[in-house]
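Asker: Here you go, structure-v1.cif (mmCIF, C-alpha atoms and all ligand atoms):
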```cif
data_model
loop_
_atom_site.label_atom_id
_atom_site.label_comp_id
_atom_site.auth_asym_id
_atom_site.auth_seq_id
_atom_site.Cartn_x
_atom_site.Cartn_y
_atom_site.Cartn_z
CA MET A 27 23.89 -12.62 -17.79
CA TYR A 28 23.90 -10.28 -20.76
CA ASP A 29 24.96 -6.79 -19.78
CA PHE A 30 22.23 -4.43 -20.90
CA SER A 31 23.45 -1.36 -19.08
CA SER A 32 24.85 0.64 -22.00
CA LEU A 33 21.77 -0.15 -24.12
CA ILE A 34 19.51 0.92 -21.27
CA ASP A 35 21.40 4.18 -20.75
CA ALA A 36 21.09 4.98 -24.44
CA ALA A 37 17.38 4.12 -24.45
CA LEU A 38 16.61 6.18 -21.34
CA LEU A 39 18.59 9.26 -22.34
CA PRO A 40 16.03 10.82 -24.71
CA TYR A 41 13.33 10.18 -22.09
CA THR A 42 15.15 11.66 -19.09
CA GLN A 43 13.64 15.15 -19.34
CA ILE A 44 10.14 13.72 -19.79
CA MET A 45 10.58 11.62 -16.62
CA LEU A 46 11.89 14.58 -14.64
CA LYS A 47 9.06 16.81 -15.85
CA ALA A 48 6.52 14.11 -14.93
CA GLU A 49 7.97 14.01 -11.41
CA ARG A 50 7.30 17.76 -11.00
CA ASP A 51 3.87 17.66 -12.69
CA LEU A 52 2.65 14.76 -10.55
CA TRP A 53 4.11 16.25 -7.37
CA ALA A 54 2.03 19.37 -8.07
CA HIS A 55 -1.24 17.37 -8.36
CA PRO A 56 -1.47 15.04 -5.35
CA GLN A 57 -4.66 13.05 -4.73
CA THR A 58 -5.41 10.35 -2.17
CA GLY A 59 -6.42 6.76 -2.86
CA TYR A 60 -9.25 6.13 -5.33
CA ARG A 61 -9.23 9.82 -6.28
CA GLU A 62 -5.99 9.84 -8.35
CA TRP A 63 -7.63 10.82 -11.63
CA TYR A 64 -4.94 13.36 -12.49
CA ALA A 65 -2.08 10.86 -12.27
CA SER A 66 -4.13 8.15 -13.97
CA ASN A 67 -4.93 10.34 -16.97
CA TYR A 68 -1.43 11.83 -17.09
CA LEU A 69 0.20 8.40 -17.25
CA LYS A 70 -2.40 7.08 -19.68
CA GLU A 71 -1.66 9.91 -22.12
CA HIS A 72 2.08 9.26 -21.95
CA PHE A 73 1.60 5.54 -22.47
CA GLU A 74 -0.62 6.23 -25.49
CA LYS A 75 2.03 8.56 -26.93
CA LEU A 76 4.49 5.67 -26.69
CA GLY A 77 2.08 3.47 -28.62
CA TYR A 78 0.65 1.45 -25.73
CA GLN A 79 -3.02 0.67 -25.35
CA PRO A 80 -3.79 1.08 -21.65
CA VAL A 81 -6.72 -0.90 -20.25
CA MET A 82 -8.39 1.50 -17.85
CA ALA A 83 -9.95 0.31 -14.59
CA GLY A 84 -12.81 2.65 -15.45
CA ASN A 85 -14.78 3.38 -12.29
CA ILE A 86 -11.60 3.89 -10.27
CA PRO A 87 -8.29 5.47 -11.32
CA GLY A 88 -5.55 3.25 -12.71
CA PHE A 89 -4.80 0.95 -15.63
CA TYR A 90 -2.53 -1.70 -17.01
CA ALA A 91 -0.67 -1.60 -20.30
CA ASP A 92 1.07 -4.57 -21.87
CA PHE A 93 4.29 -4.73 -23.81
CA HIS A 94 4.49 -7.92 -25.86
CA THR A 95 7.96 -8.90 -27.02
CA GLY A 96 6.44 -11.15 -29.67
CA ARG A 97 8.20 -14.19 -28.22
CA PRO A 98 6.66 -16.65 -25.78
CA GLY A 99 7.77 -16.33 -22.17
CA PRO A 100 6.68 -15.25 -18.72
CA MET A 101 4.70 -12.15 -17.81
CA ILE A 102 6.27 -9.65 -15.42
CA ALA A 103 4.20 -6.97 -13.70
CA ILE A 104 5.77 -3.65 -12.73
CA PHE A 105 3.68 -1.60 -10.32
CA VAL A 106 3.55 2.09 -9.59
CA GLU A 107 1.39 3.64 -6.90
CA MET A 108 -0.36 6.89 -7.74
CA ASP A 109 -1.78 8.05 -4.41
CA SER A 110 -0.69 10.86 -2.12
CA LEU A 111 -1.03 11.31 1.60
CA ILE A 112 -2.84 13.89 3.68
CA CYS A 113 -0.36 15.98 5.65
CA ALA A 114 -1.88 19.45 6.11
CA ASN A 115 1.16 20.83 7.94
CA HIS A 116 3.47 19.96 5.05
CA PRO A 117 4.53 23.33 3.55
CA LYS A 118 3.86 22.05 0.00
CA SER A 119 0.52 20.39 0.73
CA ASP A 120 -2.59 21.44 -1.16
CA PRO A 121 -4.09 24.25 0.94
CA GLN A 122 -7.66 22.96 0.56
CA SER A 123 -7.26 19.21 0.86
CA GLY A 124 -3.94 18.82 2.69
CA TYR A 125 -2.90 16.32 0.01
CA VAL A 126 0.83 15.95 -0.61
CA HIS A 127 3.12 13.26 -2.01
CA ALA A 128 4.84 12.66 1.32
CA CYS A 129 5.58 9.03 0.36
CA GLY A 130 7.10 9.84 -3.04
CA HIS A 131 4.69 7.76 -5.12
CA HIS A 132 4.73 10.38 -7.88
CA ALA A 133 8.44 9.58 -8.41
CA GLN A 134 7.56 5.91 -9.04
CA CYS A 135 5.05 7.02 -11.69
CA ALA A 136 7.63 9.21 -13.41
CA ALA A 137 10.15 6.35 -13.47
CA LEU A 138 7.62 3.99 -15.06
CA LEU A 139 7.43 6.19 -18.15
CA GLY A 140 11.17 5.70 -18.66
CA ILE A 141 10.94 1.92 -18.37
CA ALA A 142 7.98 1.81 -20.75
CA ALA A 143 9.99 3.85 -23.26
CA ALA A 144 13.26 1.94 -22.81
CA VAL A 145 11.86 -1.52 -23.56
CA LEU A 146 10.64 -0.25 -26.95
CA ALA A 147 14.22 0.24 -28.12
CA PRO A 148 14.71 -2.55 -30.72
CA GLU A 149 18.13 -3.58 -29.39
CA ILE A 150 16.55 -4.22 -25.96
CA ARG A 151 13.23 -5.61 -27.14
CA ASP A 152 14.92 -8.11 -29.45
CA ARG A 153 16.66 -9.78 -26.52
CA LEU A 154 13.55 -10.20 -24.38
CA SER A 155 10.78 -12.80 -24.32
CA GLY A 156 7.32 -12.81 -22.83
CA THR A 157 5.29 -9.83 -21.72
CA VAL A 158 5.70 -6.81 -19.45
CA ARG A 159 2.55 -5.57 -17.75
CA PHE A 160 2.90 -1.99 -16.54
CA ILE A 161 0.34 -1.37 -13.80
CA ALA A 162 -0.57 2.03 -12.36
CA VAL A 163 -2.48 1.22 -9.18
CA PRO A 164 -4.58 3.48 -6.98
CA ALA A 165 -4.77 3.49 -3.21
CA GLU A 166 -1.64 2.03 -1.66
CA GLU A 167 -1.83 4.20 1.44
CA LEU A 168 -4.50 2.74 3.68
CA LEU A 169 -6.28 5.92 4.78
CA GLU A 170 -9.69 7.62 4.64
CA LEU A 171 -11.11 4.26 5.68
CA GLY A 172 -14.59 5.76 6.03
CA TYR A 173 -14.47 6.93 2.38
CA ARG A 174 -13.30 3.50 1.21
CA LYS A 175 -16.03 1.82 3.22
CA LYS A 176 -18.56 3.97 1.32
CA LEU A 177 -17.01 2.99 -2.02
CA LYS A 178 -17.29 -0.63 -0.94
CA GLU A 179 -20.92 -0.21 0.10
CA GLN A 180 -21.65 1.40 -3.27
CA GLY A 181 -20.14 -1.63 -5.00
CA ILE A 182 -17.39 0.45 -6.65
CA ILE A 183 -14.56 -1.41 -4.90
CA LYS A 184 -14.45 -4.66 -2.97
CA TYR A 185 -11.05 -4.17 -1.32
CA PHE A 186 -9.41 -1.12 0.22
CA GLY A 187 -5.91 -1.65 -1.25
CA GLY A 188 -5.48 -0.81 -4.91
CA LYS A 189 -3.28 -3.80 -5.73
CA VAL A 190 -5.70 -6.16 -3.99
CA GLU A 191 -8.61 -4.60 -5.89
CA PHE A 192 -6.70 -5.02 -9.16
CA LEU A 193 -5.91 -8.63 -8.27
CA TYR A 194 -9.61 -9.21 -7.56
CA ARG A 195 -10.57 -7.64 -10.88
CA GLY A 196 -8.37 -10.07 -12.78
CA TYR A 197 -5.80 -7.49 -13.90
CA LEU A 198 -3.00 -9.76 -12.65
CA ASP A 199 -4.25 -12.96 -14.23
CA GLY A 200 -1.37 -14.70 -15.94
CA VAL A 201 1.36 -12.65 -14.23
CA ASP A 202 4.34 -14.81 -13.19
CA ALA A 203 6.29 -12.36 -11.01
CA ALA A 204 6.01 -8.73 -9.97
CA PHE A 205 8.17 -5.92 -8.68
CA MET A 206 8.26 -2.21 -7.97
CA VAL A 207 10.73 0.26 -6.50
CA HIS A 208 9.73 2.71 -3.76
CA SER A 209 11.65 5.87 -2.91
CA SER A 210 13.38 6.22 0.44
CA CYS A 211 15.44 8.63 2.53
CA SER A 212 18.30 6.14 2.91
CA ASN A 213 21.86 7.18 2.14
CA LYS A 214 22.33 3.91 0.21
CA LEU A 215 21.15 4.17 -3.38
CA LEU A 216 19.30 0.84 -3.29
CA THR A 217 18.09 -1.10 -0.26
CA PHE A 218 16.66 -4.61 -0.30
CA PRO A 219 14.70 -5.13 2.92
CA VAL A 220 14.13 -8.39 4.72
CA GLY A 221 10.37 -7.83 4.89
CA SER A 222 7.62 -5.73 6.42
CA ASN A 223 4.52 -5.89 8.58
CA GLY A 224 0.99 -6.65 7.48
CA CYS A 225 -2.11 -5.12 9.03
CA PHE A 226 -5.82 -5.14 9.72
CA SER A 227 -7.75 -1.96 8.98
CA LYS A 228 -10.44 -1.01 11.47
CA ASN A 229 -13.44 1.29 11.46
CA ILE A 230 -14.81 1.71 14.97
CA THR A 231 -18.05 3.61 15.66
CA TYR A 232 -19.20 4.26 19.22
CA HIS A 233 -22.93 4.80 19.67
CA GLY A 234 -24.09 6.86 22.63
CA LYS A 235 -27.13 9.02 23.22
CA SER A 236 -27.26 12.76 22.70
CA ALA A 237 -28.59 15.09 25.37
CA HIS A 238 -28.15 18.71 26.43
CA ALA A 239 -24.63 18.81 27.85
CA GLY A 240 -25.56 21.34 30.52
CA GLY A 241 -29.26 20.77 31.09
CA GLU A 242 -29.57 16.99 31.19
CA PRO A 243 -26.27 15.11 30.77
CA GLN A 244 -27.70 12.44 33.08
CA ASN A 245 -29.98 11.40 30.19
CA GLY A 246 -27.15 11.08 27.67
CA ILE A 247 -24.54 8.44 26.97
CA ASN A 248 -21.24 10.04 26.07
CA ALA A 249 -19.75 8.20 23.07
CA LEU A 250 -16.58 10.31 23.26
CA TYR A 251 -15.86 9.19 26.82
CA ALA A 252 -16.42 5.59 25.79
CA ALA A 253 -13.97 6.05 22.92
CA ASN A 254 -11.52 7.70 25.29
CA LEU A 255 -11.71 4.67 27.59
CA GLY A 256 -11.18 2.46 24.57
CA LEU A 257 -7.94 4.26 23.73
CA HIS A 258 -6.71 3.81 27.30
CA ALA A 259 -7.65 0.13 27.30
CA ILE A 260 -5.74 -0.42 24.04
CA ASN A 261 -2.71 1.33 25.50
CA ALA A 262 -2.87 -0.90 28.57
CA LEU A 263 -2.51 -3.94 26.31
CA ARG A 264 0.74 -2.85 24.69
CA GLU A 265 3.06 -4.65 27.12
CA THR A 266 1.34 -7.94 26.26
CA PHE A 267 2.57 -7.75 22.66
CA VAL A 268 5.56 -9.95 21.85
CA ASP A 269 8.61 -8.03 20.58
CA ASP A 270 9.27 -10.22 17.55
CA ASP A 271 5.65 -9.84 16.40
CA HIS A 272 6.27 -6.10 15.81
CA ILE A 273 2.67 -5.24 16.74
CA ARG A 274 1.74 -1.60 16.08
CA VAL A 275 -1.67 -0.10 16.88
CA HIS A 276 -2.31 3.61 16.39
CA PRO A 277 -5.98 4.64 16.47
CA ILE A 278 -7.23 8.09 15.55
CA ILE A 279 -10.59 9.76 16.20
CA THR A 280 -12.09 10.99 12.94
CA ALA A 281 -15.38 12.32 14.38
CA GLY A 282 -15.64 13.21 18.05
CA GLY A 283 -18.84 15.17 18.50
CA SER A 284 -20.42 18.02 16.62
CA ALA A 285 -21.54 20.65 19.14
CA VAL A 286 -19.85 21.41 22.42
CA ASN A 287 -23.15 21.85 24.24
CA ALA A 288 -24.45 18.40 23.28
CA ILE A 289 -23.33 15.01 24.59
CA PRO A 290 -21.58 13.31 21.62
CA GLU A 291 -23.81 10.57 20.28
CA THR A 292 -21.56 9.13 17.60
CA VAL A 293 -17.78 8.92 17.64
CA ALA A 294 -15.81 7.40 14.80
CA MET A 295 -12.31 5.99 15.02
CA GLU A 296 -9.97 4.38 12.51
CA SER A 297 -7.00 2.21 13.28
CA TYR A 298 -4.58 -0.35 12.00
CA VAL A 299 -3.32 -3.36 13.87
CA ARG A 300 0.04 -4.19 12.34
CA GLY A 301 2.20 -7.25 12.86
CA ALA A 302 4.84 -9.49 11.33
CA THR A 303 2.59 -12.52 10.77
CA LEU A 304 -1.08 -13.04 10.10
CA GLU A 305 -1.41 -15.06 13.33
CA SER A 306 0.09 -12.31 15.48
CA ILE A 307 -2.13 -9.67 13.87
CA VAL A 308 -5.27 -11.74 14.44
CA SER A 309 -4.30 -12.43 18.06
CA ALA A 310 -3.54 -8.77 18.87
CA ASN A 311 -6.68 -7.64 17.08
CA GLU A 312 -8.88 -9.89 19.23
CA LYS A 313 -7.51 -8.34 22.42
CA ILE A 314 -8.01 -4.86 20.99
CA ASN A 315 -11.60 -5.61 20.01
CA ARG A 316 -12.26 -6.92 23.51
CA ALA A 317 -10.88 -3.65 24.95
CA ILE A 318 -13.06 -1.60 22.60
CA ALA A 319 -16.18 -3.60 23.47
CA ALA A 320 -15.49 -3.30 27.21
CA SER A 321 -15.07 0.46 26.97
CA ALA A 322 -18.49 0.81 25.35
CA LEU A 323 -20.04 -1.44 27.99
CA ALA A 324 -18.52 0.67 30.77
CA LEU A 325 -20.56 3.68 29.64
CA GLY A 326 -23.73 1.82 28.64
CA ALA A 327 -22.92 2.69 25.03
CA ASN A 328 -22.47 0.35 22.09
CA VAL A 329 -19.81 0.07 19.41
CA THR A 330 -19.73 -1.24 15.87
CA ILE A 331 -16.41 -2.82 15.00
CA SER A 332 -15.65 -3.19 11.34
CA ASP A 333 -12.49 -5.16 10.53
CA LEU A 334 -10.92 -5.84 7.18
CA MET A 335 -7.68 -7.56 6.33
CA GLY A 336 -5.56 -4.57 5.35
CA TYR A 337 -2.32 -5.85 3.94
CA PHE A 338 -0.39 -9.07 4.25
CA PRO A 339 3.11 -9.07 5.73
CA LEU A 340 5.61 -8.67 2.90
CA LYS A 341 8.15 -11.42 2.37
CA PRO A 342 10.15 -10.62 -0.76
CA ASN A 343 11.13 -13.53 -2.97
CA GLU A 344 14.65 -14.50 -1.97
CA GLU A 345 15.90 -15.33 -5.49
CA MET A 346 14.51 -12.10 -6.92
CA LYS A 347 16.21 -10.27 -4.07
CA GLN A 348 19.58 -11.88 -4.80
CA LEU A 349 19.18 -11.15 -8.52
CA GLY A 350 18.20 -7.53 -7.85
CA TYR A 351 21.07 -7.12 -5.42
CA GLU A 352 23.55 -8.50 -7.94
CA ILE A 353 22.31 -6.19 -10.70
CA ALA A 354 22.36 -3.16 -8.38
CA ARG A 355 25.92 -3.96 -7.29
CA ARG A 356 27.06 -4.14 -10.89
CA LEU A 357 25.36 -0.87 -11.75
CA TYR A 358 26.33 1.15 -8.70
CA GLY A 359 29.07 -0.68 -6.74
CA ALA A 360 28.74 -2.65 -3.51
CA ASP A 361 28.98 0.41 -1.24
CA GLN A 362 25.82 1.91 -2.77
CA VAL A 363 23.65 -1.16 -2.25
CA GLU A 364 22.39 -2.70 0.96
CA LEU A 365 20.75 -5.97 1.95
CA SER A 366 18.98 -4.73 5.06
CA ALA A 367 18.40 -7.04 8.01
CA THR A 368 15.95 -4.66 9.71
CA TRP A 369 12.29 -5.68 9.72
CA ASP A 370 10.15 -2.80 8.43
CA THR A 371 7.07 -2.14 10.58
CA GLY A 372 5.26 -0.24 7.82
CA CYS A 373 2.79 -2.05 5.55
CA THR A 374 2.11 -2.22 1.83
CA ASP A 375 -0.29 -4.13 -0.37
CA MET A 376 2.80 -5.44 -2.16
CA GLY A 377 2.66 -7.93 0.74
CA ASP A 378 -0.57 -9.32 -0.71
CA ILE A 379 1.01 -9.60 -4.15
CA ALA A 380 4.04 -11.40 -2.63
CA SER A 381 1.70 -13.91 -0.98
CA VAL A 382 0.42 -15.11 -4.38
CA MET A 383 3.43 -14.67 -6.70
CA PRO A 384 7.19 -14.07 -6.45
CA ALA A 385 7.62 -10.35 -5.78
CA LEU A 386 10.26 -7.77 -4.91
CA HIS A 387 9.90 -4.31 -3.33
CA PRO A 388 13.28 -2.56 -2.92
CA TYR A 389 13.84 1.09 -2.04
CA ILE A 390 15.76 3.78 -3.92
CA ALA A 391 17.30 6.94 -2.47
CA GLY A 392 16.51 10.50 -3.47
CA ALA A 393 14.05 11.53 -0.79
CA VAL A 394 14.80 13.52 2.36
CA GLY A 395 12.95 14.09 5.63
CA HIS A 396 10.56 11.59 7.12
CA GLY A 397 8.21 9.40 5.07
CA HIS A 398 4.60 10.61 5.67
CA GLY A 399 6.03 13.65 7.52
CA ALA A 400 5.88 17.42 6.99
CA ASP A 401 9.55 17.56 5.96
CA TYR A 402 9.41 14.91 3.21
CA ASP A 403 10.64 15.89 -0.21
CA ILE A 404 12.23 14.37 -3.30
CA GLN A 405 15.55 16.18 -3.11
CA ASP A 406 17.33 14.21 -5.81
CA PRO A 407 14.92 13.25 -8.62
CA HIS A 408 17.82 11.91 -10.64
CA LYS A 409 18.15 9.12 -8.07
CA ALA A 410 14.45 8.68 -7.21
CA VAL A 411 13.33 8.70 -10.84
CA VAL A 412 16.11 8.22 -13.40
CA GLU A 413 18.23 5.72 -11.46
CA SER A 414 15.03 3.94 -10.44
CA ALA A 415 14.05 3.53 -14.10
CA ARG A 416 17.60 2.42 -14.91
CA PHE A 417 17.71 -0.26 -12.23
CA GLN A 418 14.18 -1.48 -12.96
CA THR A 419 14.83 -1.79 -16.68
CA ALA A 420 18.02 -3.77 -16.00
CA PHE A 421 16.16 -6.01 -13.54
CA LEU A 422 13.34 -6.53 -16.04
CA CYS A 423 15.85 -7.46 -18.76
CA ALA A 424 17.46 -10.03 -16.45
CA LEU A 425 14.02 -11.56 -15.81
CA LEU A 426 13.04 -11.74 -19.48
CA GLU A 427 16.30 -12.45 -21.32
CA ASN A 428 17.14 -16.00 -22.48
CA GLY A 429 13.49 -16.86 -22.96
CA GLY A 430 12.64 -15.69 -19.44
CA SER A 431 14.56 -18.61 -17.94
CA GLU A 432 15.38 -16.72 -14.74
CA THR A 433 11.68 -15.99 -14.08
CA ILE A 434 10.71 -19.58 -14.83
CA LYS A 435 13.28 -20.82 -12.30
CA ILE A 436 12.17 -18.25 -9.70
CA LYS A 437 8.55 -19.27 -10.13
CA GLN A 438 9.33 -22.97 -9.84
CA ASN A 439 11.29 -22.48 -6.61
CA ALA A 440 8.94 -19.94 -5.02
CA LYS A 441 7.25 -20.91 -1.75
CA LEU A 442 4.09 -18.85 -1.68
CA LEU A 443 1.67 -18.36 1.18
CA PHE A 444 -1.25 -19.17 -1.14
CA SER A 445 -1.33 -21.56 -4.07
CA SER A 446 -4.01 -19.58 -5.93
CA TYR A 447 -5.64 -16.15 -5.96
CA ALA A 448 -8.89 -17.87 -4.93
CA ASP A 449 -7.21 -19.31 -1.82
CA TYR A 450 -5.90 -15.88 -0.92
CA PHE A 451 -9.31 -14.23 -1.30
CA ARG A 452 -11.01 -16.96 0.74
CA THR A 453 -8.66 -16.20 3.64
CA VAL A 454 -9.06 -12.44 3.30
CA ASP A 455 -12.85 -12.64 3.11
CA ALA A 456 -13.05 -14.94 6.14
CA LEU A 457 -11.26 -12.28 8.21
CA GLU A 458 -13.80 -9.57 7.39
CA MET A 459 -16.08 -8.68 10.27
CA GLU A 460 -18.69 -6.03 11.01
CA GLN A 461 -20.81 -6.28 14.12
CA GLU A 462 -22.12 -4.48 17.16
CA ALA A 463 -20.17 -5.63 20.18
CA ILE A 464 -22.90 -5.52 22.82
CA ASN A 465 -26.37 -6.94 23.04
CA TYR A 466 -28.12 -5.43 26.07
CA ILE A 467 -30.47 -8.16 27.28
CA ARG A 468 -32.04 -6.60 30.35
CA ASP A 469 -31.10 -4.45 33.30
CA GLY A 470 -27.83 -5.78 34.66
CA GLU A 471 -27.20 -8.21 31.84
CA ALA A 472 -25.53 -7.89 28.46
CA HIS A 473 -23.96 -10.19 25.94
CA VAL A 474 -20.56 -8.95 24.72
CA ARG A 475 -18.97 -10.27 21.54
CA TRP A 476 -15.58 -9.19 20.21
CA LYS A 477 -14.90 -12.02 17.77
CA LYS A 478 -16.74 -12.90 14.59
ZN ZN B 501 3.51 5.55 2.49
ZN ZN B 502 4.64 4.58 -0.15
#
```
Take the structure I supplied and represent it as C-alpha cells, if you would.
Ligand SMILES: [Zn+2]
Ligand SMILES: [Zn+2]
Answerer:
Amino acid sequence: MYDFSSLIDAALLPYTQIMLKAERDLWAHPQTGYREWYASNYLKEHFEKLGYQPVMAGNIPGFYADFHTGRPGPMIAIFVEMDSLICANHPKSDPQSGYVHACGHHAQCAALLGIAAAVLAPEIRDRLSGTVRFIAVPAEELLELGYRKKLKEQGIIKYFGGKVEFLYRGYLDGVDAAFMVHSSCSNKLLTFPVGSNGCFSKNITYHGKSAHAGGEPQNGINALYAANLGLHAINALRETFVDDDHIRVHPIITAGGSAVNAIPETVAMESYVRGATLESIVSANEKINRAIAASALALGANVTISDLMGYFPLKPNEEMKQLGYEIARRLYGADQVELSATWDTGCTDMGDIASVMPALHPYIAGAVGHGHGADYDIQDPHKAVVESARFQTAFLCALLENGGSETIKIKQNAKLLFSSYADYFRTVDALEMEQEAINYIRDGEAHVRWKK
C-alpha cells in the first residue's frame, strides 16, 4: 500500500484554517432535517470555489459533487450529514428553535471540505483512479416525524432519511462503496464499531371526542387518557423483548390537548422501535401496535398508526473495516484506535446504505458530553475535523490507488442484504403502513387490526 500520509498532510495544510472556520460557522447555524439550507449553500459555495460543480437536490437541501480522476475505476461515495438536533436546554441552542448541533454533524461537513481540497493536489490525484462522489445529505436524525410526513404528503420527499431519499432519487447510482466518519466522545481517536440498530419510525394519532371538561365529560372521549394507557401497555411489554435483539422503544407525546377545560380530542405521539435485525424490529413493532390499538379500544377511542421503515441495522463491511483499522493504526498508533465489540443501539441511515453496498461508518474523537444531550460540544475540532479529513483522505486513497483494486475486491466479496436498490425499496415499501386500528361495528362489537 502506497503511503500517502505526507502528501495528504501537505495537501490539507493550506486548507486547515478554512475547515476550522467552517466548523464554527456551521455550528452557529444549526437546522434540523430537510431545513438545512444554510449548510447546503455554505458547502456548495466552498465546493464551487474549489472548482467542483455540485448537483443540487433542489427542492430539499443537499447535493453531490464528483471528482473524476480521469482514469477508469470504481466510484466511492463520501457522506456528510448536515442536520442538527432540537435540544432547547442546551446552553448554545438557538433560542427560538432550540436547534443545536448536539450530534456534531457540522464537524463532518467541515472535514469534507478538506478532503475535497486534498484530492485536487496533483501528486495525490495522479495516483488515484475512478471517481469520488462527495455527498452532503439532509436529515440523518429521524425527528419531527409529523413535519416529514407532511413533506411526504406534499410529494417533496418519499423517504424520511436523507440518505434513503438520495438513494431513491438516483444520486447513488453507480457508486461501488461508501463511507463517512461521525464524531464521538470516545477517548480513542478512531473507533470501528461492530454494528448498530435499525428502527421503525411511528406516527400515532389517538382520536377521541371533545367535550366540556367540567360540564359534560361524560359525553367526551379522552384521547390523552387513551394515549396514557398506550404508554403503560408498551412499558408492560418490555420484559418480553429478547436481550440480544436490543429492542428500544421510546415514545413521546407531541400534542396532548389544547385547552385545559376541554377533553382532548386528538393526541399525537411519535416513536421509534429499534432493534438489531429487521425480524426483531417487525416482531416487537407488532406487539406495540397491538398495545396501542387496545388502549384506544379501552376508552372507546380510535387510533391511526402510521409506520415507516426508519433505518436498517448497520453492518459495516468487514474488509473495509479491516482496511480502515490498518490505515488508522499506521497514522495514529495502535493505542489510539479501537475495534469495538459493543453493539450500538442508536440508528443511522448509513445502515440502509450498508444494506445495498459495502459501507463503513467509524467514529472520531473530539466531542465531549453526551450525544444528543445538553452538554454536547466539539471540544477538540482538530481531532473532529482535521484528523477526520486526514484519515478519510488516506482511506479514500487506499480505496482508489492501483486502479481501485482494493474497492473491486471489496465489492466482489461483499455479502449484501439486498442485491439491488430496487429489492431494497420493495422491502421498505412493503413495511409501510397507515391505518385506523379499530372498526366499531355495533354496540359491544369492534374489529381491531394492528397489522397491515
Ligand atoms: Zn445523532
Ligand atoms: Zn449523528
Asker: Between CA of Phe338 (chain A) and CA of Thr368 (chain A), what is the distance in Å, rounded to a tenth?
Answerer: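 Spanning CA of Phe338 (chain A) to CA of Thr368 (chain A) is a straight-line distance of 17.8 Å.
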Asker: Excluding Ser210 (chain A) and any residue of its chain fewer than 2 positions from it, enumerate the residues within 9 Å of it, using all atoms listed in the file, and give them as a PyMOL selection string.
Answerer: chain A and resi 129-130+208+212-213+215-217+389-394+397+410
Asker: Box along x, y and z, 8 Å on every side, all listed atoms of region 343-361 of chain A inside: centre and edge lengths in Å to one decimal, as AutoDock Vina command-line options.
Answerer:
```
--center_x 20.1 --center_y -7.1 --center_z -6.5 --size_x 33.9 --size_y 32.5 --size_z 26.5
```
Asker: Of the candidates A:Met346, A:Val411, A:Ala322, A:Ala162, which one gets nearest to Arg50 (chain A) if we count only C-alpha atoms?
Answerer: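 Closest to Arg50 (chain A), using only C-alpha atoms: A:Val411.
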Asker: Quick one: everything within 10 Å of Tyr466 (chain A), counting all atoms listed in the file, minus sequence neighbours fewer than 4 positions away in the same chain. Send it as a list in words.
Answerer: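 Everything that qualifies: Leu323, Gly326, Ala327, Asn328, Gly470, Glu471, Ala472, His473 and Val474 of chain A.
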Asker: Quick one: pull the distance between CA of Gly377 (chain A) and CA of Pro339 (chain A), Å, one decimal.
Answerer: 5.1 Å
Asker: Excluding Ala144 (chain A) and its own-chain neighbours fewer than 3 positions away, which residues fall within 6 Å of it when counting only C-alpha atoms? Please give them as a list in words.
Answerer: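 So the residues in contact are Ala37, Leu38, Gly140, Ile141 and Ala147 of chain A.
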Asker: Since we have the selection now, will you write its residues out, keeping C-alpha atoms, as a PDB file, keeping the file's coordinate frame?
Answerer:
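Okay, this is what ended up in part08.pdb:
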```pdb
ATOM      1  CA  ALA A  37      17.380   4.120 -24.450  1.00  0.00           C
ATOM      2  CA  LEU A  38      16.610   6.180 -21.340  1.00  0.00           C
ATOM      3  CA  GLY A 140      11.170   5.700 -18.660  1.00  0.00           C
ATOM      4  CA  ILE A 141      10.940   1.920 -18.370  1.00  0.00           C
ATOM      5  CA  ALA A 147      14.220   0.240 -28.120  1.00  0.00           C
TER       6      ALA A 147
END
```
Asker: Choose the residue, out of A:Arg356, A:His238, A:His398, A:Arg274, that has the smallest atom-to-atom separation from ligand ZN 502 (chain B); count all atoms listed in the file.
Answerer: A:His398
Asker: Which one of A:Val299, A:Val220, A:Cys113, A:Ala36 sits closest to ligand ZN 501 (chain B) if you count all atoms listed in the file?
Answerer: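 Closest residue, counting all atoms listed in the file: A:Cys113.
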